[in-house]
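Each remark here refers to the structure printed beneath this line.
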Protein chains: 2
Amino acid sequence: MQDVRIDPWQIERVSPVDDFSETIFFVGNGNLGVRGFGAWAPKRTPQAHAVFRAGLFSEIKPGITDMVQLPDALTLRPAGEEPRQVSQSLDMRTGVLTHVWETERAALRMERLASMADGQLLVQRLTLTAKRAGVYTVEASADACVRNLPVHDDQTVAATELAQLLKLSHIGDNGMRLRTLAEGKPVELLWEIRTDREANRQACVEGETAMTTLTAELAQGESWTVEKRVRVLTGGETPRETADDPWSESARTWEALWRDCDLEVDADDSELQGALRYNIFQLLCNNAAEDRTVSIGARGLTHGRYKGNTFWDTEIFMLPFYLWERPEAARNLLLYRADRLEDARALAAKQNLNGARYPWMCADTGHEQCESWDIGLCEVHITADVAYAMRRYADVTGDKAFERDVAAPVYADTARYWLSRLTYEPAKDQYSSFFVKGPDEYCGATVNNTFTNYMARHNLRLALSAGKLNPEESKTFQAAQSRIPLLYDPARDLYLQDELLDRLEIPPFLKNGEEPSYKRYCFDRMQRYRVLKQADLVLLMTMFPQDFTPQQKRNVFDYYEPITLHDSTLSYGTHAQLALTLGLWEKAEDYLRKAVYLDLKDVMGNTGHEGVHMAALGAAWQAVVFGAVGLWSENGELRVQPMLPPSLHRICLWVRHRGERYKVEVTRNGGTALREE
Amino acid sequence: MQDVRIDPWQIERVSPVDDFSETIFFVGNGNLGVRGFGAWAPKRTPQAHAVFRAGLFSEIKPGITDMVQLPDALTLRPAGEEPRQVSQSLDMRTGVLTHVWETERAALRMERLASMADGQLLVQRLTLTAKRAGVYTVEASADACVRNLPVHDDQTVAATELAQLLKLSHIGDNGMRLRTLAEGKPVELLWEIRTDREANRQACVEGETAMTTLTAELAQGESWTVEKRVRVLTGGETPRETADDPWSESARTWEALWRDCDLEVDADDSELQGALRYNIFQLLCNNAAEDRTVSIGARGLTHGRYKGNTFWDTEIFMLPFYLWERPEAARNLLLYRADRLEDARALAAKQNLNGARYPWMCADTGHEQCESWDIGLCEVHITADVAYAMRRYADVTGDKAFERDVAAPVYADTARYWLSRLTYEPAKDQYSSFFVKGPDEYCGATVNNTFTNYMARHNLRLALSAGKLNPEESKTFQAAQSRIPLLYDPARDLYLQDELLDRLEIPPFLKNGEEPSYKRYCFDRMQRYRVLKQADLVLLMTMFPQDFTPQQKRNVFDYYEPITLHDSTLSYGTHAQLALTLGLWEKAEDYLRKAVYLDLKDVMGNTGHEGVHMAALGAAWQAVVFGAVGLWSENGELRVQPMLPPSLHRICLWVRHRGERYKVEVTRNGGTALREE
């Protein structure tokens with residue numbers, strides 16, 4: 001639990017700037033992301049002062065890339081006036097991070113902006129107010145020497161080997177040019193240092209560092225503002241013209257964004273409103289809404305964990321937010337997948353399979369980045385997840401051209417993949433999935449995981465409905481889709497996760513009611529325990545709310561929730577959502593808080609050293625909007641079916657549906673979705 | 001198919017010295033091994049001129065070691081008289097490799113010895129006979145600059161990164177001292193260069209190379225012999241005194257070895273006798289019979305493939321040879337495992353399991369060296385294989401003290417491991433194995449692999465019989481051992497490999513009778529085909545010949561042999577053995593040749609770049625001795641039950657059984673085992 005003050009539009013923390021602060025005070029504009037380091041401070045670790053550019057990856061070994069950490073050009077040091085601890089506050093309305101502190105001689109205020117109106121622009125501004133008359137110095141530097149610390153897929157392997165991914169070719173007083181070592185991709189940083197009063201200025205370059213020293217004489221009570229505007233250009237981009245006042249320009253863009261994306265709640269806990277806004281804020285900061293060439297990594301631009309790769313997290317957990325709030329952003333995220341269909345075909349062929357197979361981890365190309373075969377080869381549902389997300393987009397937006405031109409070829413080729421990945425068993429007249437993993441990664445490579453089979457069946461049906469199959473294929477796919485087994489026990493009206501889970505042992509820590517001591521267990525041991533890492537069938541019930549009866553949902557929740565360890569941050573929000581739908585208030589309230597406060601209260605204990613959990617943000621939003629508000633669209637029909645738990649009194653948001661804007665408002669007395677002009 | 005001439009006591013090849021020659025003309029004494037490179041030749045690759053010392057490993061990354069390639073000090077170059085191709089011959093009676101060639105000026109003969117009487121000693125001897133009068137020069141050099149090329153576990157990953165494992169601390173005219181970089185283990189090479197006539201001698205050290213140049217004037221027809229004796233010392237060993245004539249000394253040791261270990265066959269194919277002797281020769285060359293601190297790697301000392309690690313290959317495929325021919329060597333191989341019981345306990349604990357768990361790959365420590373988890377974590381039968389091998393040793397030798405003092409603690413702790421690794425299923429009242437692989441590595445992580453379960457049950461029974469369990473354990477183990485399921489179809493009287501195999505597809509290349517095109521298929525695809533990589537139940541039938549009826553063996557052979565791809569060299573010999581037992585002559589003759597000629601005829605196409613397949617040598621020996629001769633010992637009873645296929649007329653060998661020496665001889669008319677005085 002961390003000591004963050006959460007106000008409706010602001011979060012604040014008074015502390016030294018540690019890993020946790022660096023993560024939660026991250027600012028970004030979807031194109032660029034900056035961790036919340038102090039601009040005055042030397043790097044605490046090689047990985048501190050991280051700045052990332054969406055989609056900029058470089059090879060660290062054959063076929064495997066890392067998201068490139070860019071040089072930090074934001075350093076702005078008031079010499080002799082550095083703080084030990086600072087008040088750090090993030091204004092979510094404008095996206096500005098402010099550090100405030102005082103020294104014996106001065107009061108200091110340091111502001112940071114990743115301009116939401118200009119994706120190339122970062123700004124750092126220092127305002128120093130003299131408490132005594134005297135000479136004050138500000139050093140503005142840019143350090144081209146930067147290293148990546150690639151994080152291994154396997155969480156038990158510590159990252160220790162630094163990798164140099166960038167090579168400096170030029171550094172001067174106003175900028176630097178670099179290239180990625182492996183590919184020669186150009187990276188350019190241009191900066192401008194502005195001062196609002198006359199100051200002595202000295203510039204020099206030493207080694208790979210460019211330093212400008214400004215000196216000014218201030219009378220007691222006088223203020224001095226130094227601003228550094230840094231423009232980051234990659235891939236030979238043309239620099240945009242910087243606005244006269246980038247702060248106001250960005251604030252106006254944020255204002256429009258909040259008009260679309262805000263979510264108002266009246267709740268018993270005073271922090272909930274601010275925390276929900278924080279989730280939305282991060283979803284906006286980490287999404288390059290207009291850029292179809294990039295997606296969102298599991299930790300967005302907030303950390304290099306998972307090497308910046310995109311997982312199913314984007315399609316299943318984050319996308320619904322964009323879909324309802326910024327459909328053009330959702331469209332671009334799906335185009336990112338459609339643009340990689342050819343790579344998905346190559347991946348299927350490499351695995352001796354037909355059609356197209358999306359990679360478990362995806363960077364700039366569509367080549368598989370996952371190095372652990374049990375996940376990379378077994379967790380095959382990703383391919384159907386992409387098709388599912390495209391269908392959801394088409395349903396909510398009514399974008400028929402997208403479904404016809406973009407989604408249909410994806411539906412067809414992913415369905416072809418499924419038919420070759422499944423095994424036909426003549427004895428049972430069924431198409432079974434062998435050696436697969438569903439969302440619950442604690443099961444071993446299992447047989448007929450129901451989540452996977454359900455998604456595969458859905459994928460085949462999408463292909464059949466989209467009409468891109470030849471007649472013979474259509475016949476085969478039609479016959480196959482109804483023969484993909486969905487394990488179900490009619491006596492208990494209960495769907496079963498897979499063929500093996502119920503044969504495994506209940507672990508001692510659950511049997512004896514002990515504190516779950518699963519952190520002490522290795523994966524090999526865990527895979528033979530009847531426990532789940534995260535929501536599996538519970539998730540399926542939330543993804544297809546119309547396909548299952550309330551009793552079936554309840555039975556799944558009652559059976560699986562007690563043996564779920566929530567070792568993945570994808571789990572809490574989903575459990576909250578289904579618990580809300582079922583009116584299980586106690587569970588719902590508990591899971592909802594774990595989901596909403598996941599990063600701000602460091603629920604998993606890893607927010608600092610892993611970054612913001614993007615999927616969890618999306619899952620928390622879904623819990624509120626699909627669970628408590630009961631928003632849904634099925635075959636183009638908008639539905640609001642509120643299930644407010646005792647602590648929530650009113651929720652209001654604005655959504656897009658089929659080209660219209662709706663104000664959705666729910667209270668204990670019911671809910672409305674009113675079309676706005 | 002390679003062009004090797006195979007005589008009863010010699011193999012010969014006239015060719016350039018390529019990878020294949022380097023492998024098959026390997027010589028060793030169990031302590032040291034030298035690939036068959038030409039002593040006159042510069043290195044073709046960093047890995048050419050490989051010399052290995054059994055048990056010398058060094059870390060290449062945390063926890064993972066490679067077998068250290070030692071500097072080559074055997075270079076002996078007749079300057080200007082190098083050959084393009086040479087006659088290479090290996091005399092198996094004496095263990096001497098000879099290279100013979102002629103140039104315009106001279107006839108040359110180069111001999112190499114790894115002394116079987118002095119484990120530290122390698123000797124290289126050049127005899128040059130002048131065809132014209134003149135001055136001749138011989139350069140004897142030693143190159144301390146050596147690199148390893150660690151080979152990845154995954155065969156699809158090419159080895160490309162050289163690793164420096166040794167650091168030179170001193171080099172002079174008569175020797176060099178080095179240390180392993182990671183551990184500082186000392187390595188010392190001492191050499192002596194002898195000439196049988198007066199010669200001018202100049203010595204120098206340049207960089208990391210020590211070179212002695214000898215020059216002599218020869219009349220036409222005169223011969224000159226230069227001999228380099230190299231002593232290799234590791235771990236601070238004391239140098240032994242070199243015999244006056246190490247060649248004779250070693251030959252005498254070989255003579256005694258062959259008296260014990262020879263296998264005489266009268267066969268239709270003239271090469272079979274020599275090829276079988278070659279198999280025995282390699283089993284002797286790669287075994288440090290008197291050293292309990294080392295075992296035998298999958299490629300012995302003939303190549304760095306598999307990083308020199310020991311697998312179950314040693315216990316199940318090679319050990320029977322030593323057991324019947326050199327029981328003291330077998331004992332040391334088992335002590336190697338017993339000495340690592342503490343590490344096996346630590347490995348079990350690391351996997352949150354009880355007792356002791358032997359690693360899939362083992363170097364000098366008992367720490368797991370396998371980096372692919374599907375194999376390292378799933379192929380658990382290794383632990384029972386060790387216990388099985390100890391029981392076989394005790395049965396054949398009658399060594400009660402060994403079983404009581406050494407084996408019993410192993411039986412107990414490995415049994416404890418099994419009870420925690422298996423999962424009790426109350427609904428079926430059985431102890432099932434989940435996520436395991438048997439010998440057939442093409443299956444995925446499966447359920448209730450019968451080979452694994454049978455071995456586990458055998459292991460529990462050994463523990464029960466050895467009396468090291470407490471009463472409660474005894475009760476539990478007794479109840480458990482009979483409840484480990486062995487999948488069996490009574491209608492067909494057929495044991496089944498596991499729960500999943502029969503649900504998988506028959507692959508198209510088998511269905512359509514095509515040439516097996518499995519090389520084109522990735523592992524992920526293979527694991528969902530109903531094919532076997534290698535003998536699985538067929539192997540089990542050979543390991544427990546008394547436990548199954550002839551009809552059950554026949555049914556297993558008929559069902560599994562047609563779907564077995566023999567992509568492992570462990571497979572042919574085992575199939576030959578069971579086919580012989582069953583009198584399936586056509587299959588038996590075919591598999592027997594594939595097994596016996598595996599390396600000499602390069603049946604797998606990888607002998608050159610992977611080294612000699614040690615387990616296949618042992619499997620071929622077992623096929624002849626346990627299959628054709630029908631030798632067996634059960635509860636101390638010696639049995640000979642010949643099953644000679646049409647092409648074999650007589651087999652004769654000498655074995656040790658319960659402290660006695662027997663001459664075993666079989667013909668078409670039956671067989672005898674006569675005790676010798």
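In the structure tokens, chains take the letters A, B, ... in the order shown, each chain's residues start at 1, and ligands count up from 1 in the order shown.
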DSSP on the backbone: what in region 178-307 of chain A comes out helix (DSSP H, G or I), as a PyMOL selection string?
chain A and resi 246-261+272-285+305-307
So which residues touch Val51 (chain B) within 6 Å, counting only C-alpha atoms, skipping near sequence neighbours fewer than 6 positions away, as number ranges by chain?
B: 33-34, 69-70
Using only C-alpha atoms, find the residues of chain A whose closest atom to chain B is at most 10 Å away, then write them as a VMD selection string.
chain A and resid 349 to 353 372 to 374 377 to 378 420 to 428 432 to 435 443 to 447 500 502 to 505 520 to 529
Which residues come within 8 Å of region 54-63 of chain B, counting only C-alpha atoms, excluding same-chain residues fewer than 5 positions away, as a VMD selection string?
chain B and resid 30 to 33 68 163 165 180 to 183 234 288 293 to 296 301 363 to 364 367 369
If you keep all heavy atoms, can you produce a file of those selected residues as a short mmCIF file (atom, residue, chain, number, x, y, z; two decimals), in the first residue's frame?
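Generated output (out-v7.cif):
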data_model
loop_
_atom_site.label_atom_id
_atom_site.label_comp_id
_atom_site.auth_asym_id
_atom_site.auth_seq_id
_atom_site.Cartn_x
_atom_site.Cartn_y
_atom_site.Cartn_z
N GLY B 30 39.35 -42.77 -21.69
CA GLY B 30 38.33 -42.56 -20.65
C GLY B 30 38.58 -41.30 -19.86
O GLY B 30 37.65 -40.60 -19.47
N ASN B 31 39.84 -41.00 -19.66
CA ASN B 31 40.21 -39.77 -18.95
C ASN B 31 40.39 -38.64 -19.95
O ASN B 31 39.87 -37.53 -19.78
CB ASN B 31 41.50 -40.01 -18.16
CG ASN B 31 41.83 -38.88 -17.22
OD1 ASN B 31 41.02 -38.54 -16.37
ND2 ASN B 31 43.01 -38.27 -17.40
N LEU B 32 41.10 -38.93 -21.03
CA LEU B 32 41.33 -37.96 -22.10
C LEU B 32 40.76 -38.51 -23.40
O LEU B 32 40.76 -39.73 -23.62
CB LEU B 32 42.83 -37.71 -22.28
CG LEU B 32 43.57 -37.10 -21.10
CD1 LEU B 32 45.08 -37.09 -21.37
CD2 LEU B 32 43.06 -35.69 -20.81
N GLY B 33 40.29 -37.60 -24.23
CA GLY B 33 39.79 -37.99 -25.54
C GLY B 33 40.29 -37.02 -26.60
O GLY B 33 40.36 -35.82 -26.36
N VAL B 68 35.02 -28.44 -21.27
CA VAL B 68 36.10 -27.55 -21.71
C VAL B 68 36.92 -28.20 -22.83
O VAL B 68 37.39 -29.32 -22.68
CB VAL B 68 37.03 -27.20 -20.53
CG1 VAL B 68 38.19 -26.34 -21.00
CG2 VAL B 68 36.25 -26.53 -19.41
N ALA B 163 32.97 -19.23 -26.84
CA ALA B 163 33.15 -18.87 -25.43
C ALA B 163 34.58 -19.19 -25.02
O ALA B 163 35.08 -20.28 -25.31
CB ALA B 163 32.17 -19.66 -24.57
N LEU B 165 36.83 -20.27 -22.21
CA LEU B 165 36.68 -20.88 -20.88
C LEU B 165 38.02 -21.00 -20.15
O LEU B 165 38.03 -21.21 -18.95
CB LEU B 165 36.04 -22.27 -21.01
CG LEU B 165 34.66 -22.31 -21.70
CD1 LEU B 165 34.08 -23.71 -21.62
CD2 LEU B 165 33.71 -21.32 -21.04
N THR B 180 40.56 -22.38 -15.63
CA THR B 180 39.25 -22.05 -16.17
C THR B 180 38.90 -20.66 -15.68
O THR B 180 39.16 -20.31 -14.52
CB THR B 180 38.17 -23.06 -15.73
OG1 THR B 180 38.03 -23.01 -14.31
CG2 THR B 180 38.51 -24.48 -16.18
N LEU B 181 38.33 -19.89 -16.58
CA LEU B 181 38.05 -18.48 -16.27
C LEU B 181 37.07 -18.34 -15.11
O LEU B 181 37.27 -17.53 -14.21
CB LEU B 181 37.43 -17.81 -17.51
CG LEU B 181 38.36 -17.03 -18.39
CD1 LEU B 181 37.63 -16.53 -19.62
CD2 LEU B 181 38.93 -15.83 -17.62
N ALA B 182 36.00 -19.13 -15.15
CA ALA B 182 34.94 -18.92 -14.16
C ALA B 182 35.31 -19.46 -12.79
O ALA B 182 35.02 -18.81 -11.78
CB ALA B 182 33.65 -19.58 -14.65
N GLU B 183 35.97 -20.63 -12.75
CA GLU B 183 36.17 -21.29 -11.46
C GLU B 183 37.62 -21.28 -11.01
O GLU B 183 37.91 -21.61 -9.86
CB GLU B 183 35.71 -22.76 -11.53
CG GLU B 183 34.28 -22.96 -11.99
CD GLU B 183 34.14 -22.96 -13.52
OE1 GLU B 183 35.18 -22.82 -14.20
OE2 GLU B 183 33.02 -23.06 -14.01
N THR B 234 44.85 -32.04 -14.59
CA THR B 234 43.81 -31.09 -14.17
C THR B 234 43.60 -31.20 -12.67
O THR B 234 43.97 -32.21 -12.06
CB THR B 234 42.47 -31.36 -14.89
OG1 THR B 234 42.03 -32.67 -14.56
CG2 THR B 234 42.60 -31.22 -16.39
N ALA B 288 36.14 -43.73 -18.06
CA ALA B 288 37.22 -43.72 -17.07
C ALA B 288 36.86 -44.74 -15.99
O ALA B 288 36.27 -44.41 -14.97
CB ALA B 288 37.37 -42.32 -16.48
N THR B 293 34.30 -40.10 -10.07
CA THR B 293 33.90 -38.68 -10.10
C THR B 293 33.34 -38.26 -11.46
O THR B 293 32.83 -37.15 -11.59
CB THR B 293 35.08 -37.73 -9.76
OG1 THR B 293 36.00 -37.74 -10.86
CG2 THR B 293 35.80 -38.16 -8.50
N VAL B 294 33.47 -39.14 -12.46
CA VAL B 294 32.96 -38.75 -13.78
C VAL B 294 32.04 -39.83 -14.34
O VAL B 294 32.14 -40.99 -13.98
CB VAL B 294 34.10 -38.51 -14.81
CG1 VAL B 294 35.02 -37.40 -14.32
CG2 VAL B 294 34.89 -39.78 -15.07
N SER B 295 31.13 -39.39 -15.22
CA SER B 295 30.30 -40.33 -15.95
C SER B 295 30.62 -40.20 -17.43
O SER B 295 31.70 -39.71 -17.78
CB SER B 295 28.82 -40.06 -15.67
OG SER B 295 28.00 -41.02 -16.31
N ILE B 296 29.72 -40.61 -18.30
CA ILE B 296 29.97 -40.57 -19.73
C ILE B 296 28.92 -39.67 -20.38
O ILE B 296 27.73 -39.85 -20.14
CB ILE B 296 29.89 -41.99 -20.35
CG1 ILE B 296 30.82 -42.93 -19.58
CG2 ILE B 296 30.24 -41.95 -21.83
CD1 ILE B 296 30.66 -44.39 -19.98
N LEU B 301 33.69 -38.42 -25.01
CA LEU B 301 34.70 -37.38 -25.15
C LEU B 301 34.94 -37.08 -26.63
O LEU B 301 35.93 -36.46 -26.99
CB LEU B 301 36.00 -37.82 -24.48
CG LEU B 301 35.88 -38.15 -22.98
CD1 LEU B 301 37.14 -38.84 -22.48
CD2 LEU B 301 35.61 -36.88 -22.18
N ALA B 363 26.41 -32.56 -15.38
CA ALA B 363 27.83 -32.35 -15.73
C ALA B 363 28.69 -32.77 -14.55
O ALA B 363 28.64 -33.92 -14.13
CB ALA B 363 28.04 -30.89 -16.11
N ASP B 364 29.47 -31.87 -13.98
CA ASP B 364 30.30 -32.29 -12.85
C ASP B 364 29.54 -32.25 -11.53
O ASP B 364 29.60 -33.17 -10.74
CB ASP B 364 31.62 -31.50 -12.78
CG ASP B 364 31.42 -30.00 -12.87
OD1 ASP B 364 30.30 -29.56 -13.18
OD2 ASP B 364 32.39 -29.27 -12.63
N HIS B 367 23.75 -30.54 -10.58
CA HIS B 367 22.72 -29.54 -10.88
C HIS B 367 22.16 -29.72 -12.28
O HIS B 367 22.90 -30.06 -13.20
CB HIS B 367 23.30 -28.13 -10.74
CG HIS B 367 23.86 -27.88 -9.38
ND1 HIS B 367 24.93 -27.05 -9.14
CD2 HIS B 367 23.50 -28.36 -8.16
CE1 HIS B 367 25.21 -27.04 -7.85
NE2 HIS B 367 24.35 -27.83 -7.24
N GLN B 369 21.28 -29.32 -15.88
CA GLN B 369 21.91 -28.56 -16.96
C GLN B 369 20.97 -28.38 -18.15
O GLN B 369 21.31 -27.71 -19.13
CB GLN B 369 23.18 -29.28 -17.44
CG GLN B 369 24.28 -29.34 -16.39
CD GLN B 369 24.83 -27.97 -16.08
OE1 GLN B 369 25.22 -27.23 -16.98
NE2 GLN B 369 24.83 -27.59 -14.81
#
Quick check for you: according to DSSP on this backbone, which residues of region 207-248 of chain B are classed as strand (DSSP E or B)? Reply as an NGL selection string.
:B and (209-218 or 223-234)
Close residues, region 654-656 of chain A itself excluded, 9 Å, only C-alpha atoms, min 3 positions apart in chain, as a ChimeraX atom specification:
/A:259-263,323-327,396-397,659-665,673
So that I can check the surroundings of Leu592 (chain B), please list as JSON, numbers by chain every protein, DNA and RNA residue that reaches within 8 Å of it, counting only C-alpha atoms and ignoring chain neighbours fewer than 2 positions away.
{"B": [572, 573, 576, 577, 588, 589, 590, 594, 595, 596, 620, 623, 624]}
Requested write-out: N, CA, C and O atoms of the selected residues, as a PDB file, in the first residue's frame:
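Generated file (part-v4.pdb):
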ATOM      1  N   TYR B 572      17.134 -47.670 -32.690  1.00  0.00           N
ATOM      2  CA  TYR B 572      17.381 -48.836 -33.546  1.00  0.00           C
ATOM      3  C   TYR B 572      17.770 -50.079 -32.740  1.00  0.00           C
ATOM      4  O   TYR B 572      17.252 -51.163 -32.974  1.00  0.00           O
ATOM      5  N   GLY B 573      18.722 -49.924 -31.854  1.00  0.00           N
ATOM      6  CA  GLY B 573      19.211 -51.074 -31.095  1.00  0.00           C
ATOM      7  C   GLY B 573      18.095 -51.726 -30.292  1.00  0.00           C
ATOM      8  O   GLY B 573      17.982 -52.957 -30.236  1.00  0.00           O
ATOM      9  N   ALA B 576      15.894 -53.599 -32.557  1.00  0.00           N
ATOM     10  CA  ALA B 576      16.567 -54.830 -32.970  1.00  0.00           C
ATOM     11  C   ALA B 576      16.450 -55.888 -31.871  1.00  0.00           C
ATOM     12  O   ALA B 576      16.142 -57.053 -32.127  1.00  0.00           O
ATOM     13  N   GLN B 577      16.664 -55.434 -30.640  1.00  0.00           N
ATOM     14  CA  GLN B 577      16.641 -56.379 -29.523  1.00  0.00           C
ATOM     15  C   GLN B 577      15.275 -57.046 -29.387  1.00  0.00           C
ATOM     16  O   GLN B 577      15.179 -58.281 -29.278  1.00  0.00           O
ATOM     17  N   ALA B 588      14.520 -57.562 -37.466  1.00  0.00           N
ATOM     18  CA  ALA B 588      15.687 -57.674 -36.588  1.00  0.00           C
ATOM     19  C   ALA B 588      16.978 -57.408 -37.356  1.00  0.00           C
ATOM     20  O   ALA B 588      17.851 -56.662 -36.906  1.00  0.00           O
ATOM     21  N   GLU B 589      17.075 -58.042 -38.539  1.00  0.00           N
ATOM     22  CA  GLU B 589      18.308 -57.877 -39.324  1.00  0.00           C
ATOM     23  C   GLU B 589      18.487 -56.406 -39.715  1.00  0.00           C
ATOM     24  O   GLU B 589      19.575 -55.844 -39.627  1.00  0.00           O
ATOM     25  N   ASP B 590      17.383 -55.783 -40.115  1.00  0.00           N
ATOM     26  CA  ASP B 590      17.446 -54.390 -40.559  1.00  0.00           C
ATOM     27  C   ASP B 590      17.850 -53.464 -39.404  1.00  0.00           C
ATOM     28  O   ASP B 590      18.805 -52.684 -39.513  1.00  0.00           O
ATOM     29  N   LYS B 594      21.335 -51.136 -38.674  1.00  0.00           N
ATOM     30  CA  LYS B 594      21.282 -49.688 -38.444  1.00  0.00           C
ATOM     31  C   LYS B 594      21.947 -49.342 -37.124  1.00  0.00           C
ATOM     32  O   LYS B 594      22.628 -48.324 -36.993  1.00  0.00           O
ATOM     33  N   ALA B 595      21.751 -50.195 -36.143  1.00  0.00           N
ATOM     34  CA  ALA B 595      22.329 -49.923 -34.821  1.00  0.00           C
ATOM     35  C   ALA B 595      23.844 -50.131 -34.831  1.00  0.00           C
ATOM     36  O   ALA B 595      24.599 -49.268 -34.382  1.00  0.00           O
ATOM     37  N   VAL B 596      24.270 -51.239 -35.365  1.00  0.00           N
ATOM     38  CA  VAL B 596      25.699 -51.588 -35.279  1.00  0.00           C
ATOM     39  C   VAL B 596      26.553 -50.658 -36.135  1.00  0.00           C
ATOM     40  O   VAL B 596      27.646 -50.270 -35.742  1.00  0.00           O
ATOM     41  N   ALA B 620      23.322 -51.234 -29.428  1.00  0.00           N
ATOM     42  CA  ALA B 620      23.686 -52.257 -30.408  1.00  0.00           C
ATOM     43  C   ALA B 620      24.265 -53.488 -29.693  1.00  0.00           C
ATOM     44  O   ALA B 620      23.942 -54.631 -30.024  1.00  0.00           O
ATOM     45  N   ALA B 623      21.484 -55.345 -28.153  1.00  0.00           N
ATOM     46  CA  ALA B 623      20.676 -56.087 -29.137  1.00  0.00           C
ATOM     47  C   ALA B 623      21.314 -57.452 -29.397  1.00  0.00           C
ATOM     48  O   ALA B 623      20.636 -58.479 -29.413  1.00  0.00           O
ATOM     49  N   VAL B 624      22.643 -57.448 -29.571  1.00  0.00           N
ATOM     50  CA  VAL B 624      23.333 -58.707 -29.848  1.00  0.00           C
ATOM     51  C   VAL B 624      23.321 -59.613 -28.615  1.00  0.00           C
ATOM     52  O   VAL B 624      22.990 -60.792 -28.698  1.00  0.00           O
TER      53      VAL B 624
END
Nearest candidate to Phe626 (chain B) (options B:Ala579, B:Cys362, B:Glu22, B:Asn606; using only C-alpha atoms):
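Counting only C-alpha atoms, the residue closest to Phe626 (chain B) is B:Ala579.
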Residues within 12 Å of Arg240 (chain A), only C-alpha atoms, excluding chain neighbours under 5 positions, as a VMD selection string:
chain A and resid 117 to 121 190 230 to 233
Excluding region 389-395 of chain A and residues on its chain fewer than 6 positions from it, collect all residues at most 9 Å away from it, counting only C-alpha atoms, and give them as number ranges by chain.
A: 315-316, 319-320, 323-324, 327, 330-331, 334, 402-403, 406-407, 410-411, 462, 633-637, 657-658
